[in-house]
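Next comes structure_36.pdb, a file with PDB, C-alpha atoms.
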```
ATOM      1  CA  GLY A   1      90.536 106.976  94.766
ATOM      2  CA  GLN A   2      91.198 109.268  97.674
ATOM      3  CA  GLN A   3      93.150 107.812 100.545
ATOM      4  CA  LEU A   4      94.115 108.960 103.970
ATOM      5  CA  ASN A   5      97.372 107.860 105.546
ATOM      6  CA  GLN A   6      97.043 107.771 109.299
ATOM      7  CA  SER A   7      99.983 107.279 111.622
ATOM      8  CA  PRO A   8     101.037 105.726 113.803
ATOM      9  CA  GLN A   9      99.116 102.475 113.381
ATOM     10  CA  SER A  10      99.397 101.722 117.078
ATOM     11  CA  MET A  11     100.731 103.322 120.245
ATOM     12  CA  PHE A  12     101.517 101.926 123.667
ATOM     13  CA  ILE A  13     101.848 104.651 126.274
ATOM     14  CA  GLN A  14     101.910 105.159 130.007
ATOM     15  CA  GLU A  15      98.999 106.825 131.759
ATOM     16  CA  GLY A  16      99.629 110.553 131.997
ATOM     17  CA  GLU A  17     101.608 110.809 128.765
ATOM     18  CA  ASP A  18     100.587 112.997 125.861
ATOM     19  CA  VAL A  19      99.692 111.414 122.521
ATOM     20  CA  SER A  20      99.863 112.732 118.990
ATOM     21  CA  MET A  21      98.562 111.164 115.783
ATOM     22  CA  ASN A  22      98.085 112.536 112.299
ATOM     23  CA  CYS A  23      96.533 112.036 108.916
ATOM     24  CA  THR A  24      97.794 113.082 105.527
ATOM     25  CA  SER A  25      96.344 112.914 102.066
ATOM     26  CA  SER A  26      97.352 113.754  98.526
ATOM     27  CA  SER A  27      93.850 115.215  98.035
ATOM     28  CA  ILE A  28      92.198 118.274  99.493
ATOM     29  CA  PHE A  29      89.325 117.750 101.908
ATOM     30  CA  ASN A  30      86.617 120.227 102.891
ATOM     31  CA  THR A  31      86.301 118.953 106.422
ATOM     32  CA  TRP A  32      88.346 116.790 108.760
ATOM     33  CA  LEU A  33      86.843 114.757 111.577
ATOM     34  CA  TRP A  34      88.255 112.614 114.323
ATOM     35  CA  TYR A  35      86.345 109.610 115.663
ATOM     36  CA  LYS A  36      87.017 107.142 118.463
ATOM     37  CA  GLN A  37      85.876 103.540 118.392
ATOM     38  CA  ASP A  38      85.660 101.481 121.571
ATOM     39  CA  PRO A  39      85.703  97.663 121.277
ATOM     40  CA  GLY A  40      82.348  96.325 120.098
ATOM     41  CA  GLU A  41      80.942  99.783 119.466
ATOM     42  CA  GLY A  42      80.513 102.164 116.559
ATOM     43  CA  PRO A  43      82.768 105.191 116.034
ATOM     44  CA  VAL A  44      81.890 108.274 118.060
ATOM     45  CA  LEU A  45      82.676 111.768 116.815
ATOM     46  CA  LEU A  46      85.295 113.586 118.908
ATOM     47  CA  ILE A  47      86.102 116.728 116.941
ATOM     48  CA  ALA A  48      85.001 118.234 113.620
ATOM     49  CA  LEU A  49      87.140 120.796 111.769
ATOM     50  CA  TYR A  50      85.612 122.928 109.044
ATOM     51  CA  LYS A  51      88.199 125.541 108.057
ATOM     52  CA  ALA A  52      91.816 125.287 106.986
ATOM     53  CA  GLY A  53      94.045 126.267 109.890
ATOM     54  CA  GLU A  54      91.299 125.718 112.459
ATOM     55  CA  LEU A  55      92.450 124.519 115.880
ATOM     56  CA  THR A  56      89.730 123.032 118.078
ATOM     57  CA  SER A  57      89.745 121.530 121.548
ATOM     58  CA  ASN A  58      87.390 119.128 123.281
ATOM     59  CA  GLY A  59      88.555 118.632 126.856
ATOM     60  CA  ARG A  60      91.983 116.984 126.743
ATOM     61  CA  LEU A  61      91.745 116.580 122.961
ATOM     62  CA  THR A  62      93.034 119.128 120.461
ATOM     63  CA  ALA A  63      92.865 118.806 116.698
ATOM     64  CA  GLN A  64      93.961 120.992 113.818
ATOM     65  CA  PHE A  65      92.916 121.228 110.187
ATOM     66  CA  GLY A  66      96.086 121.691 108.149
ATOM     67  CA  ILE A  67      96.510 124.911 106.222
ATOM     68  CA  THR A  68      96.938 122.990 102.945
ATOM     69  CA  ARG A  69      93.664 121.110 103.664
ATOM     70  CA  LYS A  70      95.569 117.867 103.115
ATOM     71  CA  ASP A  71      96.335 116.948 106.701
ATOM     72  CA  SER A  72      95.150 117.007 110.285
ATOM     73  CA  PHE A  73      96.499 116.025 113.680
ATOM     74  CA  LEU A  74      94.940 114.990 116.975
ATOM     75  CA  ASN A  75      96.631 115.443 120.342
ATOM     76  CA  ILE A  76      95.496 113.887 123.599
ATOM     77  CA  SER A  77      97.020 115.338 126.734
ATOM     78  CA  ALA A  78      97.513 113.543 130.054
ATOM     79  CA  SER A  79      96.141 110.212 128.812
ATOM     80  CA  ILE A  80      93.954 108.074 131.065
ATOM     81  CA  PRO A  81      93.026 104.378 130.794
ATOM     82  CA  SER A  82      89.632 105.120 129.213
ATOM     83  CA  ASP A  83      91.409 106.749 126.245
ATOM     84  CA  VAL A  84      92.086 103.207 125.025
ATOM     85  CA  GLY A  85      90.499 102.541 121.626
ATOM     86  CA  ILE A  86      90.958 103.099 117.927
ATOM     87  CA  TYR A  87      91.093 106.673 116.690
ATOM     88  CA  PHE A  88      90.095 107.382 113.107
ATOM     89  CA  CYS A  89      90.575 110.491 111.065
ATOM     90  CA  ALA A  90      88.077 111.107 108.289
ATOM     91  CA  GLY A  91      88.028 113.605 105.469
ATOM     92  CA  GLN A  92      84.842 114.789 103.828
ATOM     93  CA  VAL A  93      84.507 115.498 100.149
ATOM     94  CA  GLY A  94      81.568 115.163  97.792
ATOM     95  CA  GLY A  95      79.223 114.175 100.602
ATOM     96  CA  LYS A  96      81.346 111.155 101.546
ATOM     97  CA  LEU A  97      83.587 110.434 104.481
ATOM     98  CA  ILE A  98      86.921 108.795 103.669
ATOM     99  CA  PHE A  99      88.451 107.154 106.735
ATOM    100  CA  GLY A 100      92.074 106.659 107.700
ATOM    101  CA  GLN A 101      93.335 103.236 108.742
ATOM    102  CA  GLY A 102      93.040 104.042 112.450
ATOM    103  CA  THR A 103      95.474 104.425 115.331
ATOM    104  CA  GLU A 104      95.065 101.834 118.067
ATOM    105  CA  LEU A 105      95.901 103.377 121.433
ATOM    106  CA  SER A 106      96.817 101.317 124.495
ATOM    107  CA  VAL A 107      97.322 103.027 127.855
ATOM    108  CA  LYS A 108      99.158 101.343 130.717
ATOM    109  CA  PRO A 109      97.963 102.410 134.163
TER     110      PRO A 109
ATOM    111  CA  ASP B   1      66.894 106.597 124.003
ATOM    112  CA  THR B   2      69.253 104.924 121.534
ATOM    113  CA  ALA B   3      70.099 107.256 118.661
ATOM    114  CA  VAL B   4      71.067 104.777 115.920
ATOM    115  CA  SER B   5      70.165 101.147 116.498
ATOM    116  CA  GLN B   6      70.919  98.045 114.467
ATOM    117  CA  THR B   7      69.638  94.508 114.610
ATOM    118  CA  PRO B   8      70.936  91.939 114.965
ATOM    119  CA  LYS B   9      74.182  92.614 116.832
ATOM    120  CA  TYR B  10      75.642  89.291 115.677
ATOM    121  CA  LEU B  11      74.768  87.228 112.623
ATOM    122  CA  VAL B  12      76.329  83.856 111.841
ATOM    123  CA  THR B  13      75.222  82.149 108.660
ATOM    124  CA  GLN B  14      76.239  79.735 105.935
ATOM    125  CA  MET B  15      77.634  80.676 102.549
ATOM    126  CA  GLY B  16      74.894  81.086  99.954
ATOM    127  CA  ASN B  17      72.222  82.226 102.406
ATOM    128  CA  ASP B  18      70.326  85.521 102.196
ATOM    129  CA  LYS B  19      70.216  87.776 105.261
ATOM    130  CA  SER B  20      69.058  91.244 106.285
ATOM    131  CA  ILE B  21      70.330  93.806 108.764
ATOM    132  CA  LYS B  22      68.002  96.528 110.026
ATOM    133  CA  CYS B  23      68.838 100.071 111.060
ATOM    134  CA  GLU B  24      66.717 102.743 112.680
ATOM    135  CA  GLN B  25      67.565 106.249 113.854
ATOM    136  CA  ASN B  26      65.493 108.469 116.122
ATOM    137  CA  LEU B  27      67.541 111.627 115.595
ATOM    138  CA  GLY B  28      65.260 113.082 112.950
ATOM    139  CA  HIS B  29      68.079 112.921 110.398
ATOM    140  CA  ASP B  30      67.338 112.718 106.696
ATOM    141  CA  THR B  31      70.463 110.875 105.542
ATOM    142  CA  MET B  32      71.526 107.340 106.415
ATOM    143  CA  TYR B  33      74.569 105.285 105.498
ATOM    144  CA  TRP B  34      75.940 101.767 105.500
ATOM    145  CA  TYR B  35      79.641 101.166 106.138
ATOM    146  CA  LYS B  36      81.673  97.962 106.089
ATOM    147  CA  GLN B  37      84.576  97.495 108.542
ATOM    148  CA  ASP B  38      86.962  94.709 107.596
ATOM    149  CA  SER B  39      89.175  92.605 109.830
ATOM    150  CA  LYS B  40      91.891  95.281 109.685
ATOM    151  CA  LYS B  41      89.373  97.816 111.047
ATOM    152  CA  PHE B  42      89.261  99.720 107.746
ATOM    153  CA  LEU B  43      85.939 101.559 107.425
ATOM    154  CA  LYS B  44      84.510 102.053 103.960
ATOM    155  CA  ILE B  45      81.242 103.571 102.897
ATOM    156  CA  MET B  46      78.892 101.344 100.923
ATOM    157  CA  PHE B  47      75.689 103.349 100.450
ATOM    158  CA  SER B  48      73.981 106.516 101.515
ATOM    159  CA  TYR B  49      70.335 107.498 101.273
ATOM    160  CA  ASN B  50      68.902 110.985 101.577
ATOM    161  CA  ASN B  51      65.153 111.174 102.158
ATOM    162  CA  LYS B  52      64.751 107.580 100.956
ATOM    163  CA  GLU B  53      66.707 108.224  97.754
ATOM    164  CA  LEU B  54      70.006 106.535  96.943
ATOM    165  CA  ILE B  55      72.794 109.118  96.888
ATOM    166  CA  ILE B  56      76.000 107.103  97.101
ATOM    167  CA  ASN B  57      76.649 103.581  95.847
ATOM    168  CA  GLU B  58      80.314 102.739  96.190
ATOM    169  CA  THR B  59      80.665  99.965  93.629
ATOM    170  CA  VAL B  60      79.215  97.418  95.973
ATOM    171  CA  PRO B  61      78.255  94.024  94.451
ATOM    172  CA  ASN B  62      74.596  93.948  93.504
ATOM    173  CA  ARG B  63      74.097  91.099  95.976
ATOM    174  CA  PHE B  64      73.845  93.976  98.472
ATOM    175  CA  SER B  65      70.537  95.820  98.258
ATOM    176  CA  PRO B  66      69.724  98.659 100.634
ATOM    177  CA  LYS B  67      66.111  99.606 101.227
ATOM    178  CA  SER B  68      64.832 102.730 102.911
ATOM    179  CA  PRO B  69      61.102 102.483 103.699
ATOM    180  CA  ASP B  70      61.209 105.911 105.356
ATOM    181  CA  LYS B  71      63.909 108.344 106.339
ATOM    182  CA  ALA B  72      64.272 106.826 109.813
ATOM    183  CA  HIS B  73      65.081 103.344 108.503
ATOM    184  CA  LEU B  74      67.722 101.907 106.206
ATOM    185  CA  ASN B  75      67.911  98.149 105.894
ATOM    186  CA  LEU B  76      70.574  96.110 104.140
ATOM    187  CA  HIS B  77      69.724  92.859 102.405
ATOM    188  CA  ILE B  78      72.511  90.571 101.245
ATOM    189  CA  ASN B  79      71.893  87.723  98.798
ATOM    190  CA  SER B  80      74.056  84.658  98.247
ATOM    191  CA  LEU B  81      76.434  85.427 101.089
ATOM    192  CA  GLU B  82      80.137  84.807 100.476
ATOM    193  CA  LEU B  83      83.017  84.237 102.891
ATOM    194  CA  GLY B  84      84.404  87.689 102.034
ATOM    195  CA  ASP B  85      81.234  89.331 103.269
ATOM    196  CA  SER B  86      82.292  88.565 106.840
ATOM    197  CA  ALA B  87      82.815  91.960 108.488
ATOM    198  CA  VAL B  88      81.217  94.419 110.864
ATOM    199  CA  TYR B  89      78.532  96.511 109.183
ATOM    200  CA  PHE B  90      77.761  99.937 110.607
ATOM    201  CA  CYS B  91      74.751 102.084 109.972
ATOM    202  CA  ALA B  92      75.092 105.840 110.430
ATOM    203  CA  SER B  93      72.934 108.919 110.033
ATOM    204  CA  SER B  94      73.391 112.646 109.577
ATOM    205  CA  GLN B  95      71.342 115.711 108.837
ATOM    206  CA  GLY B  96      71.861 116.473 105.148
ATOM    207  CA  HIS B  97      73.902 114.366 102.765
ATOM    208  CA  SER B  98      76.853 116.688 102.774
ATOM    209  CA  TYR B  99      76.725 117.339 106.488
ATOM    210  CA  ASN B 100      79.664 115.794 108.207
ATOM    211  CA  GLU B 101      78.694 114.815 111.706
ATOM    212  CA  GLN B 102      77.614 111.248 111.213
ATOM    213  CA  PHE B 103      76.309 109.258 114.154
ATOM    214  CA  PHE B 104      77.073 105.555 114.054
ATOM    215  CA  GLY B 105      75.136 102.562 115.279
ATOM    216  CA  PRO B 106      76.749  99.807 117.392
ATOM    217  CA  GLY B 107      77.473  97.584 114.396
ATOM    218  CA  THR B 108      76.412  94.120 113.227
ATOM    219  CA  ARG B 109      79.121  91.482 113.177
ATOM    220  CA  LEU B 110      78.413  89.184 110.235
ATOM    221  CA  THR B 111      80.234  85.862 110.062
ATOM    222  CA  VAL B 112      79.814  83.728 106.953
ATOM    223  CA  LEU B 113      80.870  80.098 107.371
TER     224      LEU B 113
END
```

Just give me the structure as structure tokens.
Amino acid sequence: GQQLNQSPQSMFIQEGEDVSMNCTSSSIFNTWLWYKQDPGEGPVLLIALYKAGELTSNGRLTAQFGITRKDSFLNISASIPSDVGIYFCAGQVGGKLIFGQGTELSVKP
Amino acid sequence: DTAVSQTPKYLVTQMGNDKSIKCEQNLGHDTMYWYKQDSKKFLKIMFSYNNKELIINETVPNRFSPKSPDKAHLNLHINSLELGDSAVYFCASSQGHSYNEQFFGPGTRLTVL
């Protein structure tokens, strides 16, 4: 079945640093989404990307839908302690969301 | 004003028991989903319902039976619980079954002993 490879699996950074994570797939997706999950909570949508090549920002977050429709990246600028959590990419095809394995982000104050 | 709510938040039970998890959304959405998140945090879709009709069934054992009494509710009943069923189960909803912005509930942590 379709799989998403998300990297890195985990990141330990200093407050104020920029962060970059990405997802790749061997399959084409119609839509890419990025979610964040805080401990003990459900995933919350951060950014949705609907067109190949699209670059979208949400505050300090920027994400891009790869031109081949097989990849996406998420950047977080000037990280703060509340950025801690697990970030998931998800690709949509056939009415289903396929999730990446997640990137666990730790931020040291 | 919770958007997607699930009960219970925690469920601890013995192997072989039958249990149910309830989900309700007040967003007016017509599509609801159940996901399973394993111990490695991998999220996988189990079912989706659109207007009370089953749309997606991802080869889940038939011990799992979703029921949607109306489009605001999607409950999950699990028979003969097994150790491998231990996970966090998330309900989600969206407007339209191919619409992408799914809103997730807080999860139900199921532990089977």

(request) Tell me which residues the ChimeraX specification (/B :<12) & /A grabs here, as a VMD selection string. (result) chain A and resid 1 to 6 9 29 to 50 85 to 104

(request) Would you kindly return, as a ChimeraX atom specification, each protein, DNA or RNA residue with an atom no farther than 12 Å from any atom of Glu15 (chain A), considering only C-alpha atoms and excluding same-chain residues fewer than 3 positions away? (result) /A:12,18-19,76-84,105-109

(request) Work out how far CA of Ser94 (chain B) is from CA of Ser5 (chain B), in Å to one decimal. (result)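 That distance, rounded to one decimal, is 13.8 Å.
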
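Checking A:Ala52, A:Arg60, A:Phe65, A:Pro8 one by one against Met21 (chain A), counting only C-alpha atoms, you find the shortest gap at A:Pro8.
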
(message) Suppose a student applies the PyMOL selection byres ((chain A and resi 26-28) around 6) to this structure; what residues should they get, written as a list in words?
(response) Ser25, Phe29, Arg69 and Lys70 of chain A

(message) Using all atoms listed in the file, can you tell me which of B:Gln37, B:Asn50, B:Thr111, B:Ser20 comes closest to Ser68 (chain B)?
(response)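 Selected residue with least distance to Ser68 (chain B): B:Asn50.
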
When the PyMOL selection byres ((chain A and resi 63) around 8) is applied to the file above, which residues end up in the set, as a PDB file with C-alpha atoms, in the frame of the given file?
```pdb
ATOM      1  CA  ILE A  47      86.102 116.728 116.941  1.00  0.00           C
ATOM      2  CA  LEU A  49      87.140 120.796 111.769  1.00  0.00           C
ATOM      3  CA  LEU A  55      92.450 124.519 115.880  1.00  0.00           C
ATOM      4  CA  THR A  56      89.730 123.032 118.078  1.00  0.00           C
ATOM      5  CA  SER A  57      89.745 121.530 121.548  1.00  0.00           C
ATOM      6  CA  LEU A  61      91.745 116.580 122.961  1.00  0.00           C
ATOM      7  CA  THR A  62      93.034 119.128 120.461  1.00  0.00           C
ATOM      8  CA  GLN A  64      93.961 120.992 113.818  1.00  0.00           C
ATOM      9  CA  PHE A  65      92.916 121.228 110.187  1.00  0.00           C
ATOM     10  CA  SER A  72      95.150 117.007 110.285  1.00  0.00           C
ATOM     11  CA  PHE A  73      96.499 116.025 113.680  1.00  0.00           C
ATOM     12  CA  LEU A  74      94.940 114.990 116.975  1.00  0.00           C
ATOM     13  CA  ASN A  75      96.631 115.443 120.342  1.00  0.00           C
TER      14      ASN A  75
END
```

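Every protein or nucleic acid residue with an atom no more than 8 Å from Asp70 (chain B), counting all atoms listed in the file and leaving out same-chain residues fewer than 2 positions away, appears here: Asn51, Lys52, Ser68, Ala72, His73 and Leu74 of chain B.
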
(request) Work out how far CA of Val112 (chain B) is from CA of Trp34 (chain B), in Å to one decimal. (result)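 A separation of 18.5 Å between them.
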
(request) Work out how far apart CA of Thr7 (chain B) and CA of Val60 (chain B) are and give it in Å to one decimal. (result) 21.2 Å

(request) Find the residue from B:Leu76, B:Leu27, B:Met46, B:Leu83 that sits nearest to Pro8 (chain B); use all atoms listed in the file when measuring. (result) B:Leu76

Report the centre and edge lengths, in Å to one decimal, of an axis-aligned box enclosing every atom of region 71-77 of chain A listed in the file, padded by 3 Å on each side, as AutoDock Vina command-line options.
```
--center_x 96.0 --center_y 115.4 --center_z 116.7 --size_x 8.1 --size_y 9.1 --size_z 26.0
```

Reconstruct region 3-14 of chain B at the level of all heavy atoms, and format the result as an mmCIF file, in the frame of the given file.
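Saved as result30.cif:
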```
data_model
loop_
_atom_site.group_PDB
_atom_site.id
_atom_site.type_symbol
_atom_site.label_atom_id
_atom_site.label_comp_id
_atom_site.auth_asym_id
_atom_site.auth_seq_id
_atom_site.Cartn_x
_atom_site.Cartn_y
_atom_site.Cartn_z
ATOM 1 N N ALA B 3 70.185 106.356 119.801
ATOM 2 C CA ALA B 3 70.099 107.256 118.661
ATOM 3 C C ALA B 3 70.033 106.486 117.342
ATOM 4 O O ALA B 3 69.121 106.677 116.555
ATOM 5 C CB ALA B 3 71.281 108.203 118.675
ATOM 6 N N VAL B 4 71.031 105.614 117.114
ATOM 7 C CA VAL B 4 71.067 104.777 115.920
ATOM 8 C C VAL B 4 71.151 103.331 116.401
ATOM 9 O O VAL B 4 72.091 102.983 117.111
ATOM 10 C CB VAL B 4 72.274 105.095 115.016
ATOM 11 C CG1 VAL B 4 72.236 104.240 113.754
ATOM 12 C CG2 VAL B 4 72.304 106.581 114.652
ATOM 13 N N SER B 5 70.170 102.537 116.041
ATOM 14 C CA SER B 5 70.165 101.147 116.498
ATOM 15 C C SER B 5 70.184 100.206 115.306
ATOM 16 O O SER B 5 69.654 100.533 114.224
ATOM 17 C CB SER B 5 68.941 100.865 117.376
ATOM 18 O OG SER B 5 67.750 101.141 116.661
ATOM 19 N N GLN B 6 70.815 99.059 115.505
ATOM 20 C CA GLN B 6 70.919 98.045 114.467
ATOM 21 C C GLN B 6 70.538 96.705 115.051
ATOM 22 O O GLN B 6 70.860 96.403 116.196
ATOM 23 C CB GLN B 6 72.369 97.901 113.966
ATOM 24 C CG GLN B 6 72.935 99.091 113.281
ATOM 25 C CD GLN B 6 74.373 98.886 112.858
ATOM 26 O OE1 GLN B 6 75.221 99.733 113.104
ATOM 27 N NE2 GLN B 6 74.679 97.778 112.191
ATOM 28 N N THR B 7 69.907 95.888 114.221
ATOM 29 C CA THR B 7 69.638 94.508 114.610
ATOM 30 C C THR B 7 69.896 93.595 113.427
ATOM 31 O O THR B 7 69.579 93.942 112.280
ATOM 32 C CB THR B 7 68.172 94.319 115.073
ATOM 33 O OG1 THR B 7 67.301 94.822 114.058
ATOM 34 C CG2 THR B 7 67.906 95.031 116.384
ATOM 35 N N PRO B 8 70.451 92.404 113.662
ATOM 36 C CA PRO B 8 70.936 91.939 114.965
ATOM 37 C C PRO B 8 72.328 92.477 115.273
ATOM 38 O O PRO B 8 72.959 93.077 114.400
ATOM 39 C CB PRO B 8 70.975 90.423 114.769
ATOM 40 C CG PRO B 8 71.322 90.255 113.319
ATOM 41 C CD PRO B 8 70.629 91.402 112.592
ATOM 42 N N LYS B 9 72.814 92.238 116.465
ATOM 43 C CA LYS B 9 74.182 92.614 116.832
ATOM 44 C C LYS B 9 75.189 91.617 116.250
ATOM 45 O O LYS B 9 76.282 92.000 115.845
ATOM 46 C CB LYS B 9 74.283 92.636 118.360
ATOM 47 C CG LYS B 9 75.678 92.926 118.897
ATOM 48 C CD LYS B 9 75.958 94.397 119.001
ATOM 49 C CE LYS B 9 77.272 94.651 119.729
ATOM 50 N NZ LYS B 9 77.804 95.993 119.460
ATOM 51 N N TYR B 10 74.794 90.355 116.231
ATOM 52 C CA TYR B 10 75.642 89.291 115.677
ATOM 53 C C TYR B 10 74.807 88.467 114.711
ATOM 54 O O TYR B 10 73.628 88.212 114.958
ATOM 55 C CB TYR B 10 76.181 88.375 116.787
ATOM 56 C CG TYR B 10 77.025 89.076 117.814
ATOM 57 C CD1 TYR B 10 76.467 89.518 119.005
ATOM 58 C CD2 TYR B 10 78.378 89.313 117.587
ATOM 59 C CE1 TYR B 10 77.238 90.173 119.949
ATOM 60 C CE2 TYR B 10 79.161 89.965 118.521
ATOM 61 C CZ TYR B 10 78.582 90.394 119.707
ATOM 62 O OH TYR B 10 79.340 91.047 120.638
ATOM 63 N N LEU B 11 75.453 88.040 113.631
ATOM 64 C CA LEU B 11 74.768 87.228 112.623
ATOM 65 C C LEU B 11 75.768 86.204 112.106
ATOM 66 O O LEU B 11 76.803 86.575 111.548
ATOM 67 C CB LEU B 11 74.274 88.139 111.499
ATOM 68 C CG LEU B 11 73.388 87.581 110.409
ATOM 69 C CD1 LEU B 11 72.195 86.838 110.969
ATOM 70 C CD2 LEU B 11 72.920 88.728 109.508
ATOM 71 N N VAL B 12 75.475 84.936 112.332
ATOM 72 C CA VAL B 12 76.329 83.856 111.841
ATOM 73 C C VAL B 12 75.492 83.035 110.876
ATOM 74 O O VAL B 12 74.383 82.610 111.212
ATOM 75 C CB VAL B 12 76.831 82.964 112.997
ATOM 76 C CG1 VAL B 12 77.741 81.861 112.443
ATOM 77 C CG2 VAL B 12 77.570 83.796 114.029
ATOM 78 N N THR B 13 76.024 82.815 109.673
ATOM 79 C CA THR B 13 75.222 82.149 108.660
ATOM 80 C C THR B 13 76.114 81.379 107.695
ATOM 81 O O THR B 13 77.338 81.550 107.682
ATOM 82 C CB THR B 13 74.361 83.183 107.906
ATOM 83 O OG1 THR B 13 73.442 82.510 107.045
ATOM 84 C CG2 THR B 13 75.231 84.121 107.081
ATOM 85 N N GLN B 14 75.503 80.550 106.906
ATOM 86 C CA GLN B 14 76.239 79.735 105.935
ATOM 87 C C GLN B 14 76.367 80.478 104.621
ATOM 88 O O GLN B 14 75.511 81.301 104.246
ATOM 89 C CB GLN B 14 75.498 78.421 105.691
ATOM 90 C CG GLN B 14 75.346 77.538 106.911
ATOM 91 C CD GLN B 14 76.644 76.831 107.260
ATOM 92 O OE1 GLN B 14 77.505 76.651 106.420
ATOM 93 N NE2 GLN B 14 76.779 76.448 108.519
#
```
